[in-house]
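Participant: Below is the file start.txt, with compact mmCIF, C-alpha atoms.
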```txt
# COMPACT_ATOMS: atom_id res chain seq x y z
CA MET A 1 103.73 67.71 98.13
CA ASN A 2 107.19 67.20 96.66
CA SER A 3 109.89 69.75 97.19
CA GLN A 4 110.17 70.87 93.54
CA ASP A 5 106.45 71.73 93.46
CA PHE A 6 106.81 73.56 96.75
CA GLN A 7 109.78 75.53 95.42
CA LEU A 8 107.89 76.49 92.28
CA LEU A 9 104.73 77.64 94.08
CA SER A 10 106.52 79.44 96.90
CA SER A 11 108.86 81.26 94.49
CA ILE A 12 105.86 82.54 92.49
CA VAL A 13 104.36 83.94 95.70
CA ARG A 14 107.66 85.39 96.89
CA ASP A 15 108.55 87.09 93.59
CA ARG A 16 105.16 88.71 93.31
CA SER A 17 104.35 89.66 96.90
CA GLY A 18 107.47 89.29 99.01
CA LEU A 19 105.71 86.72 101.19
CA VAL A 20 108.21 84.11 102.29
CA LEU A 21 106.92 80.56 102.70
CA THR A 22 109.28 78.21 104.48
CA GLU A 23 108.94 74.41 104.26
CA GLU A 24 106.96 74.24 107.52
CA LYS A 25 104.25 76.32 105.83
CA VAL A 26 103.39 73.50 103.44
CA TYR A 27 100.04 73.07 105.20
CA LEU A 28 99.18 76.72 104.51
CA LEU A 29 100.01 76.32 100.84
CA GLU A 30 97.91 73.17 100.64
CA SER A 31 94.89 74.59 102.46
CA ARG A 32 94.84 77.82 100.44
CA LEU A 33 95.73 76.48 96.99
CA THR A 34 93.87 73.17 96.85
CA PRO A 35 90.47 74.92 96.47
CA LEU A 36 91.96 77.02 93.68
CA ALA A 37 93.30 73.91 91.89
CA ARG A 38 89.89 72.24 92.20
CA GLN A 39 88.12 75.31 90.79
CA ARG A 40 90.25 74.88 87.69
CA GLY A 41 89.35 71.22 87.41
CA MET A 42 92.63 69.90 88.77
CA ASN A 43 92.95 67.26 91.46
CA ASN A 44 95.81 68.52 93.58
CA LEU A 45 98.81 70.82 93.86
CA GLU A 46 100.95 68.52 91.74
CA ASP A 47 98.57 69.13 88.83
CA LEU A 48 98.66 72.83 89.60
CA ALA A 49 102.46 72.90 89.53
CA ASN A 50 102.53 70.94 86.25
CA GLU A 51 100.00 73.30 84.72
CA LEU A 52 102.26 76.23 85.65
CA ARG A 53 105.31 74.57 84.11
CA ARG A 54 103.32 73.91 80.95
CA SER A 55 101.46 77.20 80.47
CA ASN A 56 103.35 79.80 82.55
CA ASP A 57 99.88 81.38 82.92
CA GLU A 58 100.19 84.89 84.40
CA ARG A 59 96.56 85.01 85.51
CA LEU A 60 97.00 81.74 87.41
CA LYS A 61 100.14 83.05 89.09
CA GLU A 62 98.21 86.10 90.21
CA GLU A 63 95.39 83.98 91.65
CA ILE A 64 97.92 81.88 93.57
CA THR A 65 99.54 85.00 95.01
CA GLU A 66 96.17 86.41 96.03
CA ALA A 67 95.12 83.19 97.72
CA MET A 68 98.33 83.08 99.76
CA THR A 69 98.41 86.71 100.85
CA THR A 70 94.89 87.12 102.19
CA ASN A 71 95.23 87.75 105.90
CA GLU A 72 92.98 88.15 108.86
CA THR A 73 92.15 91.60 110.12
CA PHE A 74 89.61 93.20 112.43
CA PHE A 75 88.21 96.56 113.43
CA PHE A 76 90.44 98.60 115.76
CA ARG A 77 92.90 95.72 115.90
CA ASP A 78 94.93 95.87 119.16
CA THR A 79 93.06 99.08 120.24
CA LYS A 80 96.20 100.79 121.58
CA PRO A 81 97.60 102.01 118.22
CA PHE A 82 94.27 103.76 117.58
CA ASP A 83 94.44 105.44 121.01
CA ILE A 84 97.96 106.59 120.18
CA PHE A 85 96.74 107.81 116.80
CA ARG A 86 93.90 109.85 118.34
CA GLU A 87 95.70 111.17 121.40
CA HIS A 88 99.23 111.80 120.13
CA VAL A 89 99.82 111.48 116.40
CA LEU A 90 96.69 113.26 115.18
CA PRO A 91 97.09 116.33 117.44
CA ARG A 92 100.75 116.75 116.43
CA LEU A 93 99.95 116.55 112.75
CA LEU A 94 96.93 118.84 113.04
CA GLU A 95 99.28 121.40 114.52
CA ALA A 96 102.03 120.83 111.97
CA ARG A 97 99.58 121.09 109.02
CA SER A 98 97.40 123.87 110.46
CA THR A 99 97.92 126.21 107.51
CA ARG A 100 97.48 123.64 104.76
CA LYS A 101 94.67 121.77 106.53
CA THR A 102 95.13 118.57 104.57
CA LEU A 103 96.03 115.13 105.81
CA ARG A 104 96.92 112.13 103.69
CA ILE A 105 96.71 108.65 105.21
CA TRP A 106 97.81 105.41 103.60
CA ASN A 107 96.76 101.95 104.73
CA ALA A 108 99.21 99.56 103.10
CA ALA A 109 97.97 95.98 102.75
CA CYS A 110 94.47 96.86 103.97
CA SER A 111 92.98 93.39 103.38
CA THR A 112 89.17 93.48 103.73
CA GLY A 113 89.11 97.11 104.85
CA GLN A 114 88.59 96.98 108.61
CA GLU A 115 91.67 99.09 109.33
CA PRO A 116 91.02 102.02 106.95
CA TYR A 117 87.36 102.04 108.02
CA SER A 118 88.46 102.11 111.67
CA VAL A 119 90.59 105.16 110.88
CA ALA A 120 87.68 106.75 109.01
CA MET A 121 85.26 106.18 111.92
CA LEU A 122 87.81 107.52 114.36
CA LEU A 123 88.18 110.72 112.31
CA LYS A 124 84.40 111.02 112.00
CA GLU A 125 84.17 110.81 115.79
CA GLU A 126 86.69 113.67 115.96
CA ALA A 127 84.53 115.81 113.65
CA ALA A 128 84.86 118.90 115.85
CA ARG A 129 88.67 118.89 115.57
CA MET A 130 88.55 118.00 111.87
CA ALA A 131 86.23 120.80 110.73
CA GLY A 132 87.61 122.49 107.61
CA TRP A 133 90.19 119.74 107.03
CA ARG A 134 90.53 117.73 103.86
CA VAL A 135 91.46 114.15 104.71
CA GLU A 136 92.35 111.53 102.17
CA ILE A 137 92.52 107.86 103.14
CA LEU A 138 94.07 105.57 100.56
CA ALA A 139 93.84 101.85 101.22
CA THR A 140 95.79 99.42 99.06
CA ASP A 141 96.19 95.68 98.81
CA ILE A 142 97.70 93.20 96.40
CA SER A 143 94.51 91.14 96.21
CA ASN A 144 91.51 92.11 94.06
CA GLU A 145 89.31 89.73 95.99
CA VAL A 146 89.80 91.43 99.37
CA LEU A 147 89.53 94.87 97.77
CA GLU A 148 86.11 94.00 96.36
CA LYS A 149 84.97 92.95 99.80
CA ALA A 150 86.50 96.08 101.34
CA LYS A 151 84.69 98.36 98.86
CA ALA A 152 81.35 96.69 99.55
CA GLY A 153 81.88 97.25 103.27
CA LEU A 154 79.83 94.16 104.14
CA TYR A 155 80.87 92.21 107.22
CA SER A 156 79.65 89.12 109.02
CA GLN A 157 78.29 89.14 112.55
CA PHE A 158 81.60 87.66 113.73
CA GLU A 159 83.63 90.34 111.98
CA VAL A 160 81.68 93.28 113.46
CA GLN A 161 82.09 91.91 117.00
CA ARG A 162 85.87 91.66 117.12
CA GLY A 163 87.08 95.06 118.19
CA LEU A 164 84.20 97.24 117.07
CA PRO A 165 82.47 98.97 120.02
CA ILE A 166 78.68 98.50 119.94
CA GLN A 167 78.19 102.28 119.92
CA LEU A 168 80.06 102.51 116.62
CA LEU A 169 78.11 99.58 115.18
CA MET A 170 74.87 101.39 116.05
CA LYS A 171 76.13 104.63 114.59
CA TYR A 172 77.83 103.55 111.39
CA PHE A 173 76.36 100.20 110.29
CA GLN A 174 73.12 98.94 108.78
CA GLN A 175 71.91 95.38 108.90
CA VAL A 176 71.63 93.80 105.46
CA GLY A 177 70.20 90.30 105.84
CA GLU A 178 72.74 88.32 107.85
CA MET A 179 75.46 90.88 107.19
CA TRP A 180 76.32 94.36 108.45
CA GLN A 181 77.22 97.12 106.02
CA ILE A 182 79.27 100.15 106.94
CA ASP A 183 77.58 103.46 106.20
CA SER A 184 78.12 105.09 102.80
CA SER A 185 79.43 108.23 104.53
CA ILE A 186 82.32 106.17 105.94
CA ARG A 187 82.84 104.24 102.71
CA ALA A 188 83.12 107.53 100.83
CA MET A 189 86.08 108.54 103.03
CA VAL A 190 88.25 105.65 101.85
CA LYS A 191 89.66 105.12 98.38
CA PHE A 192 90.69 101.54 97.59
CA GLN A 193 93.36 100.69 95.01
CA LYS A 194 95.22 97.59 93.97
CA LYS A 195 98.93 98.03 94.69
CA ASN A 196 101.87 95.74 95.20
CA LEU A 197 104.21 97.01 97.94
CA LEU A 198 107.19 95.92 95.83
CA GLU A 199 106.36 98.07 92.80
CA ASP A 200 107.28 101.75 92.45
CA LEU A 201 104.88 103.74 94.64
CA THR A 202 106.27 107.26 94.37
CA HIS A 203 103.38 108.29 92.07
CA LEU A 204 101.07 107.96 95.09
CA GLY A 205 102.48 111.23 96.44
CA THR A 206 103.42 112.00 100.03
CA PHE A 207 101.58 110.68 103.09
CA ASP A 208 101.44 112.09 106.60
CA ILE A 209 100.43 108.81 108.22
CA VAL A 210 101.11 105.27 107.04
CA PHE A 211 99.60 102.11 108.52
CA CYS A 212 101.48 98.94 107.58
CA ARG A 213 100.63 96.67 110.48
CA ASN A 214 101.26 92.94 110.62
CA VAL A 215 102.57 92.86 107.07
CA LEU A 216 106.35 92.75 107.61
CA ILE A 217 106.05 89.69 109.85
CA TYR A 218 105.45 87.60 106.74
CA PHE A 219 108.58 88.87 104.96
CA ASP A 220 112.26 87.96 105.22
CA HIS A 221 114.90 90.57 106.09
CA GLU A 222 115.55 91.68 102.51
CA MET A 223 111.86 92.10 101.70
CA LYS A 224 111.23 93.97 104.97
CA ALA A 225 114.01 96.41 104.06
CA ARG A 226 112.58 96.91 100.57
CA VAL A 227 109.07 97.62 101.85
CA LEU A 228 110.29 99.98 104.59
CA ASN A 229 112.39 101.91 102.07
CA GLN A 230 109.37 102.15 99.79
CA ILE A 231 107.29 103.55 102.65
CA ASN A 232 110.02 105.99 103.61
CA LYS A 233 110.01 107.40 100.07
CA VAL A 234 106.31 108.31 100.22
CA MET A 235 106.17 109.49 103.85
CA ALA A 236 106.60 113.10 104.95
CA ASP A 237 109.71 113.73 107.07
CA ASP A 238 107.54 114.51 110.10
CA GLY A 239 105.06 111.76 109.25
CA ALA A 240 104.17 108.70 111.31
CA LEU A 241 104.39 105.04 110.39
CA PHE A 242 102.39 102.49 112.40
CA LEU A 243 103.79 98.96 112.44
CA GLY A 244 102.40 95.84 114.15
CA GLY A 245 103.32 94.92 117.72
CA ALA A 246 105.93 92.35 116.64
CA GLU A 247 107.52 94.56 114.00
CA THR A 248 110.29 97.17 113.99
CA VAL A 249 112.55 99.18 111.68
CA LEU A 250 115.58 98.68 113.92
CA GLY A 251 118.38 96.82 112.18
CA ILE A 252 116.39 96.81 108.94
CA CYS A 253 115.96 100.36 107.68
CA ASP A 254 118.19 103.23 108.84
CA ALA A 255 116.02 105.85 107.15
CA LEU A 256 113.34 105.30 109.82
CA LYS A 257 113.45 105.45 113.63
CA PRO A 258 111.06 104.78 116.53
CA VAL A 259 109.20 107.76 118.03
CA GLN A 260 110.10 107.98 121.72
CA GLY A 261 107.17 107.15 124.00
CA LEU A 262 104.80 106.08 121.21
CA LYS A 263 104.93 102.30 120.92
CA GLY A 264 104.67 100.98 117.38
CA VAL A 265 105.11 104.43 115.80
CA TYR A 266 108.07 105.23 113.55
CA THR A 267 109.18 108.34 111.73
CA SER A 268 111.85 109.55 109.36
CA ALA A 269 115.40 109.55 110.71
CA ALA A 270 115.80 112.85 108.83
CA GLY A 271 114.08 115.21 111.24
CA GLY A 272 111.06 113.19 112.19
CA MET A 273 107.94 113.46 114.28
CA ILE A 274 109.94 113.52 117.50
CA ALA A 275 110.98 117.09 116.68
CA ALA A 276 107.36 118.12 117.14
CA ALA A 277 107.12 116.51 120.57
CA SER A 278 106.84 118.82 123.55
CA MET B 1 89.77 89.04 141.38
CA THR B 2 87.11 90.52 139.12
CA SER B 3 83.72 88.88 139.57
CA CYS B 4 81.43 87.99 136.68
CA LEU B 5 77.82 86.88 136.94
CA ILE B 6 76.75 84.70 134.02
CA VAL B 7 72.98 84.81 133.46
CA ASP B 8 71.58 82.32 130.96
CA ASP B 9 68.85 79.68 131.12
CA SER B 10 71.00 77.29 129.08
CA LYS B 11 73.37 75.24 131.20
CA VAL B 12 75.55 74.62 128.15
CA VAL B 13 75.96 78.33 127.39
CA ARG B 14 76.77 79.02 131.05
CA MET B 15 79.41 76.30 130.97
CA VAL B 16 81.03 77.55 127.74
CA ALA B 17 81.09 81.13 129.06
CA ARG B 18 82.43 79.95 132.42
CA ARG B 19 85.33 78.12 130.79
CA ILE B 20 86.33 81.16 128.76
CA LEU B 21 85.95 83.59 131.65
CA GLU B 22 87.70 81.41 134.24
CA ASP B 23 90.56 81.19 131.80
CA LEU B 24 90.57 85.00 131.73
CA LYS B 25 90.84 84.92 135.56
CA PHE B 26 87.31 85.95 136.48
CA GLU B 27 85.56 84.72 139.61
CA ILE B 28 82.31 83.21 138.33
CA LEU B 29 78.76 83.38 139.67
CA GLU B 30 75.81 81.85 137.82
CA ALA B 31 72.08 82.45 137.53
CA ALA B 32 69.48 80.74 135.30
CA ASP B 33 67.08 83.70 134.96
CA GLY B 34 66.68 87.39 135.78
CA LYS B 35 65.08 86.75 139.15
CA GLU B 36 67.94 84.51 140.32
CA ALA B 37 70.39 87.10 138.99
CA MET B 38 68.67 89.85 141.01
CA ASP B 39 68.95 87.73 144.17
CA VAL B 40 72.70 87.34 143.57
CA CYS B 41 73.11 91.09 142.97
CA LEU B 42 71.23 92.02 146.13
CA LYS B 43 73.71 89.98 148.17
CA GLY B 44 76.64 91.74 146.51
CA MET B 45 77.09 93.50 143.19
CA PRO B 46 79.38 91.67 140.74
CA ASP B 47 81.85 93.70 138.66
CA VAL B 48 80.43 92.53 135.35
CA ILE B 49 77.32 90.67 134.17
CA LEU B 50 77.04 88.57 131.02
CA LEU B 51 73.32 88.63 130.31
CA ASP B 52 71.02 86.56 128.11
CA TRP B 53 67.80 88.17 126.85
CA ASN B 54 65.16 85.44 126.58
CA MET B 55 64.76 83.55 129.85
CA PRO B 56 61.83 82.17 131.87
CA VAL B 57 60.58 83.89 135.08
CA MET B 58 62.36 87.21 134.36
CA SER B 59 63.93 88.26 131.03
CA GLY B 60 67.32 89.87 130.69
CA ILE B 61 65.93 93.26 129.71
CA ASP B 62 63.53 93.30 132.70
CA PHE B 63 66.40 92.31 134.97
CA LEU B 64 68.58 95.11 133.57
CA ARG B 65 65.89 97.76 134.15
CA THR B 66 65.33 96.50 137.71
CA LEU B 67 69.06 96.38 138.38
CA ARG B 68 69.69 99.92 137.13
CA SER B 69 66.94 101.31 139.37
CA THR B 70 68.28 99.47 142.43
CA GLU B 71 70.72 101.11 144.83
CA GLY B 72 74.27 100.20 143.75
CA GLY B 73 72.86 98.71 140.55
CA ASP B 74 74.76 101.21 138.42
CA ILE B 75 78.07 99.58 139.44
CA PRO B 76 78.14 96.34 137.37
CA LYS B 77 79.12 96.53 133.72
CA VAL B 78 76.43 94.71 131.77
CA VAL B 79 77.25 92.88 128.56
CA PHE B 80 74.22 91.45 126.79
CA CYS B 81 74.80 88.07 125.15
CA THR B 82 71.82 86.99 123.09
CA THR B 83 70.55 85.54 119.82
CA GLU B 84 68.56 88.76 119.35
CA ASN B 85 70.74 90.29 116.64
CA ASP B 86 68.82 93.22 115.19
CA MET B 87 69.38 96.93 115.65
CA ALA B 88 66.04 97.43 117.49
CA HIS B 89 67.04 95.03 120.27
CA ILE B 90 70.55 96.50 120.46
CA ARG B 91 69.13 100.01 120.85
CA GLU B 92 66.62 98.87 123.45
CA ALA B 93 69.38 97.19 125.49
CA MET B 94 71.74 100.16 125.31
CA THR B 95 68.94 102.58 126.25
CA ALA B 96 68.09 100.39 129.26
CA GLY B 97 71.68 100.78 130.47
CA ALA B 98 73.70 97.95 128.93
CA ASN B 99 77.40 98.69 128.35
CA GLU B 100 78.08 96.28 125.50
CA TYR B 101 76.25 93.77 123.34
CA ILE B 102 77.26 90.34 122.05
CA MET B 103 75.27 88.59 119.33
CA LYS B 104 75.36 84.80 119.72
CA PRO B 105 77.11 82.64 118.75
CA PHE B 106 80.16 83.99 120.56
CA ASP B 107 83.72 82.76 120.94
CA ARG B 108 86.66 83.64 123.15
CA ALA B 109 87.85 86.41 120.81
CA ILE B 110 84.48 88.16 121.00
CA ILE B 111 84.25 87.85 124.79
CA GLU B 112 87.77 89.24 125.14
CA ALA B 113 87.06 92.10 122.73
CA LYS B 114 83.80 93.10 124.41
CA PHE B 115 85.12 92.75 127.97
CA SER B 116 88.09 94.97 127.19
CA GLN B 117 85.65 97.42 125.61
CA VAL B 118 83.92 97.80 129.00
CA GLU B 119 87.34 97.92 130.68
CA VAL B 120 87.09 94.83 132.88
CA LEU B 121 89.94 93.21 130.93
```
Once you've parsed the file, please lay out its structure as structure tokens.
Facilitator:
Amino acid sequence: MNSQDFQLLSSIVRDRSGLVLTEEKVYLLESRLTPLARQRGMNNLEDLANELRRSNDERLKEEITEAMTTNETFFFRDTKPFDIFREHVLPRLLEARSTRKTLRIWNAACSTGQEPYSVAMLLKEEAARMAGWRVEILATDISNEVLEKAKAGLYSQFEVQRGLPIQLLMKYFQQVGEMWQIDSSIRAMVKFQKKNLLEDLTHLGTFDIVFCRNVLIYFDHEMKARVLNQINKVMADDGALFLGGAETVLGICDALKPVQGLKGVYTSAAGGMIAAAS
Amino acid sequence: MTSCLIVDDSKVVRMVARRILEDLKFEILEAADGKEAMDVCLKGMPDVILLDWNMPVMSGIDFLRTLRSTEGGDIPKVVFCTTENDMAHIREAMTAGANEYIMKPFDRAIIEAKFSQVEVL
């Protein structure tokens, strides 16, 4: 692939999603976009780039962005953040919201839905503590394709075996042919919506807990700062933000700070969850 | 070192599992059917057992029931690893005292996930 074509394709992806593709990611671009070019009757990425120069087709740009931003995910990814959620973050917020009895959770960049469904199952397992509470789980992604899969809640045998305990598979899944479908009671707990993390999100309201794990790693410094500031705007001052193991707010966003003793959890620098710690 | 008994009548499956588990620093024992596995256990209980279902001489489910009614047989964590991939078999295995369940084919990621689920990793 020549460097002008690479520049064109990577700038489309960057402008629309924030995803930064450096020259060494050429292989990723080729493996993800070649099938898309072929679907449209083109031979290769050169044709695809020329088609874009010719037509400036918005729909095509969107498909390219979707193809590049689809990322792997699994149930209860990394385990530990979910333990922290259940044992530390949830109890603190249940106490802090005990009069209002509502909890709003946002899964940013939810991909095919394993993370919001993990949160939903976890809350279902905590039914005794959650009695009388109204919990809203909003899961968003930039890609329509992954959102369709997420809504259907259908997963392959491989997908249900990475991170999902067998007890939860038995409890919350039904076998549908070769696939496994998550129970409608769990699906009903999660609302899926198409959202770009770079657009204005303040209309989504205020969230108590935000999951944005393994998203920032794909962004450059400027994009990371933009996304973190966006999250900060829609997160309660005593709310909790979960980032991936290789991610941080330090040196990127002064409005957020790590919560002492809870790895991967961040809160508002103005007050913050730490104030509720005993 | 944590010990793992791999029970499968397929030499190839045993070899694939051995490679993954040795890489994860397990000490490996092998058996080709439930009867052989029981003999190994009676000499000394392993920490974890990766167990096939369909085998000649003694099946995995029969082995599991025998193991769980044997003195000290409640110690090993048992992870089924079988082509039986329907809910009825999963329920039967869990009721008989299995701790986790892998549906073949498996890969390293699945072994790691399931072994950490039963807290041997």
Participant: With a distance threshold of 8 Å and counting all atoms listed in the file, extract the residues of chain B near chain A and express them as JSON, numbers by chain.
Facilitator: {"B": [86, 87, 90, 91, 100, 101, 102, 103, 106, 109, 110, 113, 114, 117]}
Participant: What lies within 8 Å of Ile137 in chain A using all atoms listed in the file, ignoring chain neighbours under 5 positions off, as a count of residues only?
Facilitator: 9
Participant: Fewer than 5 positions away in the same chain doesn't count, so skip those; otherwise give me all residues within 6 Å of range 36-50 of chain B, counting all atoms listed in the file, as a ChimeraX atom specification.
Facilitator: /B:3-6,31,76-80
Participant: What's the 9 Å shell around Ala152 in chain A, counting only C-alpha atoms, without same-chain residues fewer than 5 positions away, as a list in words?
Facilitator: Leu147, Gln181, Ile182 and Arg187 of chain A
Participant: Record the distance separating CA of Leu64 in chain B and CA of Met15 in chain B, expressed in Å with one decimal.
Facilitator: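 For CA of Leu64 in chain B relative to CA of Met15 in chain B, the distance reads 21.9 Å.
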Participant: Counting all atoms listed in the file, note down every residue that has an atom within 10 Å of the point (77.1, 80.1, 129.3) (file coordinates), as a PyMOL selection string.
Facilitator: chain B and resi 6-21+30-32+50-52+81
Participant: Taking 3 positions as the minimum chain separation for residues in the same chain, which residues sit within 8 Å of Ile61 in chain B when counting only C-alpha atoms? Answer as a short mmCIF file (atom, residue, chain, number, x, y, z; two decimals) with C-alpha atoms, keeping the file's coordinate frame.
Facilitator:
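Writing the result to selection-v8.cif gives the following:
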```cif
data_model
loop_
_atom_site.label_atom_id
_atom_site.label_comp_id
_atom_site.auth_asym_id
_atom_site.auth_seq_id
_atom_site.Cartn_x
_atom_site.Cartn_y
_atom_site.Cartn_z
CA TRP B 53 67.80 88.17 126.85
CA LEU B 64 68.58 95.11 133.57
CA ARG B 65 65.89 97.76 134.15
CA ALA B 93 69.38 97.19 125.49
CA ALA B 96 68.09 100.39 129.26
#
```
Participant: In Å to one decimal, how far is CA of Tyr172 in chain A from CA of Leu241 in chain A?
Facilitator: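 Result for CA of Leu241 in chain A versus CA of Tyr172 in chain A: 26.6 Å, one decimal.
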Participant: What separation in Å, quoted to one decimal, exists between CA of Ile84 in chain A and CA of Ser184 in chain A?
Facilitator: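 Here the two named atoms are 26.4 Å from each other.
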Participant: So that I can see what lies close to Val20 in chain A, please list as a list in words the residues with an atom at most 10 Å from it, counting all atoms listed in the file and leaving out residues fewer than 3 positions away in the same chain.
Facilitator: Ser10, Ser11, Val13, Arg14, Asp15, Ser17, Glu23, Lys25, Ile217, Tyr218, Phe219, Asp220 and Met223 of chain A
Participant: Which polymer residues, protein or nucleic acid, are no farther than 8 Å from (110.9, 105.7, 98.0), counting only C-alpha atoms, as a PyMOL selection string?
Facilitator: chain A and resi 200-202+229-234
Participant: Have a look at A:Met179, A:Leu122, A:Ala236, A:Ile252 and name the one nearest to Leu154 in chain A; count all atoms listed in the file.
Facilitator: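 For Leu154 in chain A, the nearest of the given residues is A:Met179.
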